[in-house]
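entry_5.cif (mmCIF, C-alpha atoms and all ligand atoms)
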data_structure
loop_
_atom_site.group_PDB
_atom_site.id
_atom_site.type_symbol
_atom_site.label_atom_id
_atom_site.label_comp_id
_atom_site.auth_asym_id
_atom_site.auth_seq_id
_atom_site.Cartn_x
_atom_site.Cartn_y
_atom_site.Cartn_z
ATOM 1 C CA MET A 1 -1.394 10.033 22.690
ATOM 2 C CA GLY A 2 -0.828 8.447 19.301
ATOM 3 C CA ARG A 3 1.809 5.801 18.779
ATOM 4 C CA ILE A 4 3.752 4.702 15.725
ATOM 5 C CA SER A 5 5.769 1.516 15.717
ATOM 6 C CA VAL A 6 7.287 -0.911 13.270
ATOM 7 C CA GLU A 7 5.871 -4.421 13.163
ATOM 8 C CA PHE A 8 7.202 -7.447 11.337
ATOM 9 C CA GLU A 9 5.406 -10.285 9.640
ATOM 10 C CA GLU A 10 8.058 -12.875 8.802
ATOM 11 C CA ASN A 11 10.695 -10.172 8.553
ATOM 12 C CA ILE A 12 8.516 -7.937 6.348
ATOM 13 C CA PRO A 13 8.218 -4.549 8.038
ATOM 14 C CA ARG A 14 5.152 -2.353 8.249
ATOM 15 C CA TYR A 15 4.367 0.784 10.173
ATOM 16 C CA ALA A 16 1.511 0.573 12.629
ATOM 17 C CA CYS A 17 -0.185 3.736 13.824
ATOM 18 C CA THR A 18 -2.836 3.955 16.537
ATOM 19 C CA SER A 19 -4.515 6.931 14.802
ATOM 20 C CA CYS A 20 -5.664 4.505 12.102
ATOM 21 C CA PHE A 21 -7.998 2.661 14.506
ATOM 22 C CA ASN A 22 -10.205 5.711 14.616
ATOM 23 C CA CYS A 23 -9.205 7.512 11.455
ATOM 24 C CA THR A 24 -10.219 11.166 11.381
ATOM 25 C CA SER A 25 -7.967 12.167 8.495
ATOM 26 C CA ILE A 26 -9.439 13.700 5.373
ATOM 27 C CA MET A 27 -7.770 10.858 3.450
ATOM 28 C CA GLY A 28 -9.999 8.431 5.327
ATOM 29 C CA GLU A 29 -13.201 10.184 4.323
ATOM 30 C CA SER A 30 -15.402 7.991 2.181
ATOM 31 C CA HIS A 31 -18.400 9.145 0.147
ATOM 32 C CA CYS A 32 -18.635 5.753 -1.512
ATOM 33 C CA ASN A 33 -20.408 2.585 -0.410
ATOM 34 C CA VAL A 34 -17.424 1.249 1.483
ATOM 35 C CA LYS A 35 -17.338 3.307 4.668
ATOM 36 C CA ASN A 36 -14.781 3.248 7.425
ATOM 37 C CA ARG A 37 -11.989 2.074 5.136
ATOM 38 C CA GLY A 38 -9.180 4.333 6.382
ATOM 39 C CA CYS A 39 -6.995 5.463 3.498
ATOM 40 C CA CYS A 40 -7.536 2.251 1.514
ATOM 41 C CA SER A 41 -8.963 4.185 -1.402
ATOM 42 C CA TYR A 42 -5.673 3.280 -3.067
ATOM 43 C CA PHE A 43 -5.596 0.898 -6.044
ATOM 44 C CA PRO A 44 -2.466 -1.086 -5.205
ATOM 45 C CA LYS A 45 0.260 -2.410 -7.454
ATOM 46 C CA PHE A 46 1.897 -5.741 -6.796
ATOM 47 C CA THR A 47 5.417 -5.680 -8.111
ATOM 48 C CA LEU A 48 7.743 -8.571 -8.930
ATOM 49 C CA LEU A 49 9.057 -8.396 -5.374
ATOM 50 C CA GLU A 50 5.621 -9.144 -3.902
ATOM 51 C CA ILE A 51 4.929 -11.813 -6.539
ATOM 52 C CA HIS A 52 8.326 -13.337 -5.756
ATOM 53 C CA LYS A 53 7.381 -13.560 -2.065
ATOM 54 C CA MET A 54 3.953 -14.978 -2.913
ATOM 55 C CA SER A 55 5.465 -17.604 -5.214
ATOM 56 C CA LYS A 56 7.248 -19.217 -2.267
ATOM 57 C CA THR A 57 4.350 -20.463 -0.155
ATOM 58 C CA LEU A 58 0.899 -21.957 -0.539
ATOM 59 C CA MET A 59 -0.619 -18.984 1.275
ATOM 60 C CA GLY A 60 1.259 -16.686 -1.066
ATOM 61 C CA LEU A 61 0.011 -18.480 -4.158
ATOM 62 C CA GLN A 62 -3.535 -18.365 -2.784
ATOM 63 C CA THR A 63 -3.126 -14.621 -2.237
ATOM 64 C CA LEU A 64 -1.845 -14.239 -5.789
ATOM 65 C CA ASP A 65 -4.894 -16.127 -7.012
ATOM 66 C CA ILE A 66 -7.209 -13.765 -5.085
ATOM 67 C CA ILE A 67 -5.454 -10.792 -6.684
ATOM 68 C CA LEU A 68 -5.704 -12.272 -10.178
ATOM 69 C CA LYS A 69 -9.389 -13.126 -9.738
ATOM 70 C CA ASN A 70 -10.271 -9.562 -8.839
ATOM 71 C CA PRO A 71 -12.141 -8.310 -11.928
ATOM 72 C CA GLY A 72 -10.240 -5.012 -11.911
ATOM 73 C CA THR A 73 -6.765 -6.526 -11.916
ATOM 74 C CA VAL A 74 -4.649 -5.672 -14.929
ATOM 75 C CA VAL A 75 -1.495 -7.657 -15.697
ATOM 76 C CA TYR A 76 1.445 -5.598 -16.920
ATOM 77 C CA GLN A 77 4.857 -6.940 -17.937
ATOM 78 C CA TYR A 78 6.407 -6.510 -14.510
ATOM 79 C CA TYR A 79 3.569 -5.770 -12.090
ATOM 80 C CA LEU A 80 -0.126 -6.234 -11.412
ATOM 81 C CA HIS A 81 -2.365 -3.234 -10.961
ATOM 82 C CA VAL A 82 -5.503 -3.752 -8.941
ATOM 83 C CA LYS A 83 -8.412 -1.471 -9.645
ATOM 84 C CA GLY A 84 -11.233 -1.494 -7.158
ATOM 85 C CA TYR A 85 -14.471 0.304 -6.532
ATOM 86 C CA PHE A 86 -14.946 3.799 -7.963
ATOM 87 C CA ASP A 87 -18.197 5.737 -7.849
ATOM 88 C CA LYS A 88 -17.531 7.789 -10.980
ATOM 89 C CA GLU A 89 -21.015 9.307 -11.117
ATOM 90 C CA GLY A 90 -20.858 10.245 -7.443
ATOM 91 C CA HIS A 91 -17.546 11.976 -8.016
ATOM 92 C CA GLU A 92 -18.805 13.861 -11.054
ATOM 93 C CA ARG A 93 -21.863 14.973 -9.070
ATOM 94 C CA TYR A 94 -19.616 16.099 -6.210
ATOM 95 C CA LEU A 95 -17.510 18.190 -8.610
ATOM 96 C CA ARG A 96 -20.598 19.657 -10.258
ATOM 97 C CA GLU A 97 -22.844 20.316 -7.297
ATOM 98 C CA GLU A 98 -20.882 20.372 -4.049
ATOM 99 C CA TYR A 99 -18.695 23.273 -3.106
ATOM 100 C CA ASP A 100 -16.108 22.009 -0.634
ATOM 101 C CA PRO A 101 -14.306 24.950 0.959
ATOM 102 C CA ARG A 102 -11.794 22.933 3.003
ATOM 103 C CA GLU A 103 -8.199 23.994 2.483
ATOM 104 C CA ASN A 104 -6.708 20.566 3.072
ATOM 105 C CA LEU A 105 -8.589 18.830 0.255
ATOM 106 C CA PRO A 106 -6.453 16.235 -1.542
ATOM 107 C CA LYS A 107 -5.454 17.224 -5.081
ATOM 108 C CA ASP A 108 -7.256 14.180 -6.366
ATOM 109 C CA THR A 109 -10.744 14.126 -4.852
ATOM 110 C CA THR A 110 -11.549 10.778 -6.484
ATOM 111 C CA VAL A 111 -10.059 9.269 -3.305
ATOM 112 C CA PHE A 112 -13.356 10.061 -1.537
ATOM 113 C CA PHE A 113 -15.175 7.830 -4.004
ATOM 114 C CA ARG A 114 -12.812 4.875 -4.271
ATOM 115 C CA ALA A 115 -12.046 1.733 -2.310
ATOM 116 C CA CYS A 116 -9.465 -0.985 -2.730
ATOM 117 C CA PRO A 117 -11.196 -4.321 -3.368
ATOM 118 C CA PHE A 118 -9.278 -5.919 -0.495
ATOM 119 C CA VAL A 119 -10.414 -3.616 2.285
ATOM 120 C CA LYS A 120 -13.221 -4.668 4.608
ATOM 121 C CA ALA A 121 -15.183 -1.811 6.129
ATOM 122 C CA GLY A 122 -14.223 -1.327 9.757
ATOM 123 C CA GLN A 123 -11.647 -4.131 9.658
ATOM 124 C CA GLY A 124 -8.966 -3.029 7.219
ATOM 125 C CA CYS A 125 -6.923 -4.985 4.732
ATOM 126 C CA THR A 126 -7.805 -8.637 4.157
ATOM 127 C CA LEU A 127 -4.448 -9.503 2.574
ATOM 128 C CA PRO A 128 -1.546 -10.723 4.745
ATOM 129 C CA ALA A 129 0.815 -7.815 5.457
ATOM 130 C CA LYS A 130 3.814 -9.789 4.169
ATOM 131 C CA TYR A 131 2.328 -9.822 0.653
ATOM 132 C CA ARG A 132 1.181 -6.203 0.525
ATOM 133 C CA ASN A 133 3.297 -3.692 -1.323
ATOM 134 C CA HIS A 134 5.527 -1.350 0.616
ATOM 135 C CA VAL A 135 3.298 1.658 -0.111
ATOM 136 C CA CYS A 136 0.464 -0.057 1.760
ATOM 137 C CA ASN A 137 2.759 -1.170 4.558
ATOM 138 C CA PHE A 138 4.417 2.209 5.113
ATOM 139 C CA PHE A 139 1.816 4.806 4.238
ATOM 140 C CA ILE A 140 1.206 7.425 6.889
ATOM 141 C CA CYS A 141 -1.044 10.323 5.926
ATOM 142 C CA SER A 142 0.169 13.903 6.022
ATOM 143 C CA GLU A 143 -2.047 14.732 9.008
ATOM 144 C CA VAL A 144 -0.418 12.064 11.171
ATOM 145 C CA ILE A 145 3.023 12.977 9.813
ATOM 146 C CA LYS A 146 2.433 16.563 10.859
ATOM 147 C CA GLU A 147 1.617 15.459 14.410
ATOM 148 C CA ALA A 148 4.357 12.825 14.624
ATOM 149 C CA ASN A 149 6.989 15.262 13.323
ATOM 150 C CA ALA A 150 6.839 17.035 16.678
ATOM 151 C CA ASN A 151 8.713 14.009 18.013
ATOM 152 C CA SER A 152 12.287 14.254 16.720
ATOM 153 C CA LYS A 153 12.606 10.453 16.659
ATOM 154 C CA PHE A 154 9.987 10.254 13.920
ATOM 155 C CA GLN A 155 12.502 11.452 11.322
ATOM 156 C CA ARG A 156 14.236 8.069 11.576
ATOM 157 C CA TYR A 157 10.967 6.434 10.482
ATOM 158 C CA MET A 158 10.956 8.561 7.348
ATOM 159 C CA THR A 159 14.590 7.930 6.455
ATOM 160 C CA GLU A 160 14.330 4.172 7.037
ATOM 161 C CA CYS A 161 11.229 4.068 4.858
ATOM 162 C CA THR A 162 13.096 5.881 2.051
ATOM 163 C CA SER A 163 16.033 3.452 2.277
ATOM 164 C CA TYR A 164 13.657 0.503 2.169
ATOM 165 C CA SER A 165 11.866 1.927 -0.898
ATOM 166 C CA LYS A 166 15.206 2.217 -2.697
ATOM 167 C CA TRP A 167 15.956 -1.420 -1.888
ATOM 168 C CA VAL A 168 12.512 -2.435 -3.196
ATOM 169 C CA ASP A 169 13.222 -0.592 -6.477
ATOM 170 C CA TRP A 170 16.618 -2.254 -6.760
ATOM 171 C CA GLU A 171 15.181 -5.725 -6.095
ATOM 172 C CA ASN A 172 12.459 -5.149 -8.654
ATOM 173 C CA SER A 173 14.949 -4.090 -11.297
ATOM 174 C CA CYS A 174 17.041 -7.270 -10.612
ATOM 175 C CA LEU A 175 13.973 -9.521 -10.891
ATOM 176 C CA GLU A 176 12.881 -7.710 -14.039
ATOM 177 C CA ARG A 177 16.317 -8.288 -15.564
ATOM 178 C CA ILE A 178 16.208 -12.005 -14.732
ATOM 179 C CA LEU A 179 12.810 -12.379 -16.418
ATOM 180 C CA ALA A 180 14.027 -10.389 -19.436
ATOM 181 C CA GLU A 181 17.089 -12.635 -19.714
ATOM 182 C CA ASN A 182 14.687 -15.576 -19.868
ATOM 183 C CA ASN A 183 12.647 -13.804 -22.568
ATOM 184 C CA VAL A 184 9.528 -13.862 -20.448
ATOM 185 C CA ASN A 185 7.317 -11.433 -18.558
ATOM 186 C CA LEU A 186 3.976 -11.539 -16.746
ATOM 187 C CA VAL A 187 2.057 -10.724 -19.937
ATOM 188 C CA SER A 188 3.831 -13.093 -22.314
ATOM 189 C CA ASN A 189 3.801 -16.082 -19.944
ATOM 190 C CA PHE A 190 2.506 -15.534 -16.423
ATOM 191 C CA ASN A 191 2.992 -19.088 -15.135
ATOM 192 C CA LYS A 192 6.534 -19.373 -16.476
ATOM 193 C CA SER A 193 7.400 -16.015 -14.885
ATOM 194 C CA VAL A 194 6.111 -17.236 -11.501
ATOM 195 C CA GLU A 195 8.037 -20.494 -11.939
ATOM 196 C CA ILE A 196 11.257 -18.546 -12.539
ATOM 197 C CA LEU A 197 10.594 -16.311 -9.541
ATOM 198 C CA GLN A 198 9.988 -19.432 -7.435
ATOM 199 C CA SER A 199 13.460 -20.692 -8.274
ATOM 200 C CA ILE A 200 15.207 -17.488 -7.133
ATOM 201 C CA PRO A 201 16.129 -17.254 -3.415
ATOM 202 C CA LEU A 202 14.458 -14.408 -1.533
ATOM 203 C CA SER A 203 16.694 -11.527 -0.552
ATOM 204 C CA GLU A 204 16.456 -10.264 2.987
ATOM 205 C CA TYR A 205 16.438 -6.652 4.110
ATOM 206 C CA GLU A 206 17.482 -6.023 7.684
ATOM 207 C CA PHE A 207 14.953 -3.370 8.601
ATOM 208 C CA PRO A 208 15.823 -1.945 12.026
ATOM 209 C CA ALA A 209 13.525 -2.632 14.979
ATOM 210 C CA LEU A 210 12.791 1.066 15.514
ATOM 211 C CA GLU A 211 11.793 2.235 18.928
ATOM 212 C CA PRO A 212 8.047 3.105 19.045
ATOM 213 C CA ILE A 213 7.353 6.814 19.215
ATOM 214 C CA GLU A 214 4.481 8.742 20.732
ATOM 215 C CA TYR A 215 2.910 11.976 19.531
ATOM 216 C CA ASP A 216 0.087 14.279 20.447
ATOM 217 C CA ASP A 217 -2.833 13.148 18.308
ATOM 218 C CA THR A 218 -5.272 15.752 19.552
ATOM 219 C CA CYS A 219 -3.999 18.597 17.353
ATOM 220 C CA GLY A 220 -6.703 20.003 15.118
ATOM 221 C CA LYS A 221 -9.388 17.763 16.651
ATOM 222 C CA GLY A 222 -10.655 20.300 19.115
ATOM 223 C CA ALA A 223 -9.764 18.028 22.070
HETATM 224 S S1 LIG B 301 -2.692 6.722 7.795
HETATM 225 FE FE1 LIG B 301 -4.017 8.482 8.188
HETATM 226 S S2 LIG B 301 -5.636 8.331 6.637
HETATM 227 FE FE2 LIG B 301 -4.634 6.332 6.764
HETATM 228 S S3 LIG B 301 -5.914 5.170 8.212
HETATM 229 FE FE3 LIG B 301 -4.193 6.093 9.349
HETATM 230 S S4 LIG B 301 -5.021 8.008 10.147
HETATM 231 FE FE4 LIG B 301 -6.382 7.348 8.499
HETATM 232 S S1 LIG B 302 -4.002 -3.847 -0.418
HETATM 233 FE FE1 LIG B 302 -4.727 -3.736 1.659
HETATM 234 S S2 LIG B 302 -3.547 -2.083 2.622
HETATM 235 FE FE2 LIG B 302 -3.326 -1.873 0.376
HETATM 236 S S3 LIG B 302 -4.917 -0.433 -0.233
HETATM 237 FE FE3 LIG B 302 -5.746 -2.500 -0.443
HETATM 238 S S4 LIG B 302 -6.810 -2.909 1.497
HETATM 239 FE FE4 LIG B 302 -5.436 -1.167 1.816
#
What do you get writing this file as structure tokens?
Ligand code: SF4
Ligand code: SF4
Amino acid sequence: MGRISVEFEENIPRYACTSCFNCTSIMGESHCNVKNRGCCSYFPKFTLLEIHKMSKTLMGLQTLDIILKNPGTVVYQYYLHVKGYFDKEGHERYLREEYDPRENLPKDTTVFFRACPFVKAGQGCTLPAKYRNHVCNFFICSEVIKEANANSKFQRYMTECTSYSKWVDWENSCLERILAENNVNLVSNFNKSVEILQSIPLSEYEFPALEPIEYDDTCGKGA
């Protein structure tokens, strides 16, 4: 049986899924150098909300420093975008030479050739969960969703995730407005922006302690 639960790191929620320990999803397939990296082919964004959280503690500021030192990190006015490893040639060769007949191929096959710079093969994310963005903390691939959907209680996980995402968007728009009122953004003056964020109290979201759910994780695996 597979199991999905919600875990908290200092009140920051994330979904944990036992299928991820031995990922067999097509989204976890890696043709690049970084093997066994689950679905961390994603190039994450760190929004003002995450930077706000990071600005509050030494560990957070150290995490922010790690993100900024990544050579592929691009600073935008109100977020950071982290670009990681991408085997462009490998992907072009795959498109040119390899016919892949599978019906469940992702629309964007570059995912097979990418890796987030913060993932460690076989170990997962090296950043503290409380500073990751909500996409990283809540992502569940469509294969697991399909299996988990057989349990009616899973729907609550989806609706709570949607509500949380709306709150994240709202918080980000408030923080953006505060920076704009101070005539500053991450591009024009990064340090000043972090200083302003540091002075703003953190808002709390009361994410419910959802009951763990179980699902049959043997579908489509020939077990
Ligand atoms: S969410 Fe799906 S693709 Fe991602 S690690 Fe878990 S099982 Fe693999
Ligand atoms: S930040 Fe962490 S969880 Fe998000 S894609 Fe990168 S390694 Fe994965």
Mind listing whatever residues come within 12 Å of the point (6.3, 4.5, 17.9)? Use all atoms listed in the file, file coordinates, and give them as a CSV table (one decimal) with C-alpha atoms, keeping the file's coordinate frame.
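And here's point05.csv as it stands now:
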chain,number,residue,atom,x,y,z
A,1,MET,CA,-1.4,10.0,22.7
A,2,GLY,CA,-0.8,8.4,19.3
A,3,ARG,CA,1.8,5.8,18.8
A,4,ILE,CA,3.8,4.7,15.7
A,5,SER,CA,5.8,1.5,15.7
A,6,VAL,CA,7.3,-0.9,13.3
A,7,GLU,CA,5.9,-4.4,13.2
A,14,ARG,CA,5.2,-2.4,8.2
A,15,TYR,CA,4.4,0.8,10.2
A,16,ALA,CA,1.5,0.6,12.6
A,17,CYS,CA,-0.2,3.7,13.8
A,18,THR,CA,-2.8,4.0,16.5
A,19,SER,CA,-4.5,6.9,14.8
A,148,ALA,CA,4.4,12.8,14.6
A,149,ASN,CA,7.0,15.3,13.3
A,151,ASN,CA,8.7,14.0,18.0
A,152,SER,CA,12.3,14.3,16.7
A,153,LYS,CA,12.6,10.5,16.7
A,154,PHE,CA,10.0,10.3,13.9
A,155,GLN,CA,12.5,11.5,11.3
A,156,ARG,CA,14.2,8.1,11.6
A,157,TYR,CA,11.0,6.4,10.5
A,209,ALA,CA,13.5,-2.6,15.0
A,210,LEU,CA,12.8,1.1,15.5
A,211,GLU,CA,11.8,2.2,18.9
A,212,PRO,CA,8.0,3.1,19.0
A,213,ILE,CA,7.4,6.8,19.2
A,214,GLU,CA,4.5,8.7,20.7
A,215,TYR,CA,2.9,12.0,19.5
A,216,ASP,CA,0.1,14.3,20.4
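For the pair CA of Tyr205 (chain A) and CA of Glu160 (chain A), the interatomic distance is 11.4 Å.
Residues within 10 Å of Leu105 (chain A), counting only C-alpha atoms and excluding same-chain residues fewer than 5 positions away, are A:Ile26, A:Met27, A:Asp100.
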Next on the checklist: Around ligand LIG 301 (chain B), which protein and nucleic acid residues have at least one atom no more than 10 Å from it, if we count all atoms listed in the file? List them as a count of residues only.
Outcome noted: 32
Checklist entry - What do you get as a PyMOL selection string if you pick all residues at most 10 Å from ligand LIG 302 (chain B), counting all atoms listed in the file? => result chain A and resi 37-46+67+82-84+115-121+123-129+131-139
Item to check | Among listed residues A:Ser55, A:Gln198, A:Ser203, A:Thr110, nearest Tyr85 (chain A) (using all atoms listed in the file) | outcome: A:Thr110
Checklist entry - Do you have the CA of Leu197 (chain A)-CA of His52 (chain A) distance handy? => result 5.3 Å
Item to check | From A:Phe112, A:Tyr99, A:Tyr78, A:Tyr164, residue lying nearest Ile178 (chain A) [only C-alpha atoms] | outcome: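 Answer, going by the shortest atom-to-atom distance: A:Tyr78.
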Let me know the centre plus edge lengths, in Å and rounded to one decimal, of a box with edges along x, y and z that contains all listed atoms of region 198-215 of chain A and is padded by 6 Å on every side, as lines of an AutoDock Vina configuration file.
center_x = 10.2
center_y = -4.4
center_z = 6.2
size_x = 26.6
size_y = 44.7
size_z = 41.0
Item to check | Atom pair CA of Asn185 (chain A) / CA of Val75 (chain A): separation (Å) | outcome: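 Between CA of Asn185 (chain A) and CA of Val75 (chain A) the gap is 10.0 Å.
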Item to check | Target residues per the PyMOL selection byres (((chain A and resi 190-194) around 12) and not hetatm), formatted as a count of residues only | outcome: 42
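Of the residues under consideration (A:Val74, A:Cys174, A:Cys161, A:Cys32), A:Cys161 shows the shortest atom-to-atom contact distance to Phe207 (chain A) when counting only C-alpha atoms.
Closest approach to Trp167 (chain A) among A:Lys146, A:Glu103, A:Gly90, A:Glu206: A:Glu206, based on all atoms listed in the file.
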Checklist entry - Residues at most 12 Å from Arg93 (chain A), counting only C-alpha atoms, excluding those fewer than 4 positions away in the same chain, as a PyMOL selection string? => result chain A and resi 31+87-89+97-99+109-110+113
Next on the checklist: My list of candidates is A:Thr47, A:Lys35, A:Pro208, A:Leu58. Which is closest to Asn172 (chain A) when distances are computed with all atoms listed in the file?
Outcome noted: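 Among the listed residues, the smallest separation from Asn172 (chain A) belongs to A:Thr47.
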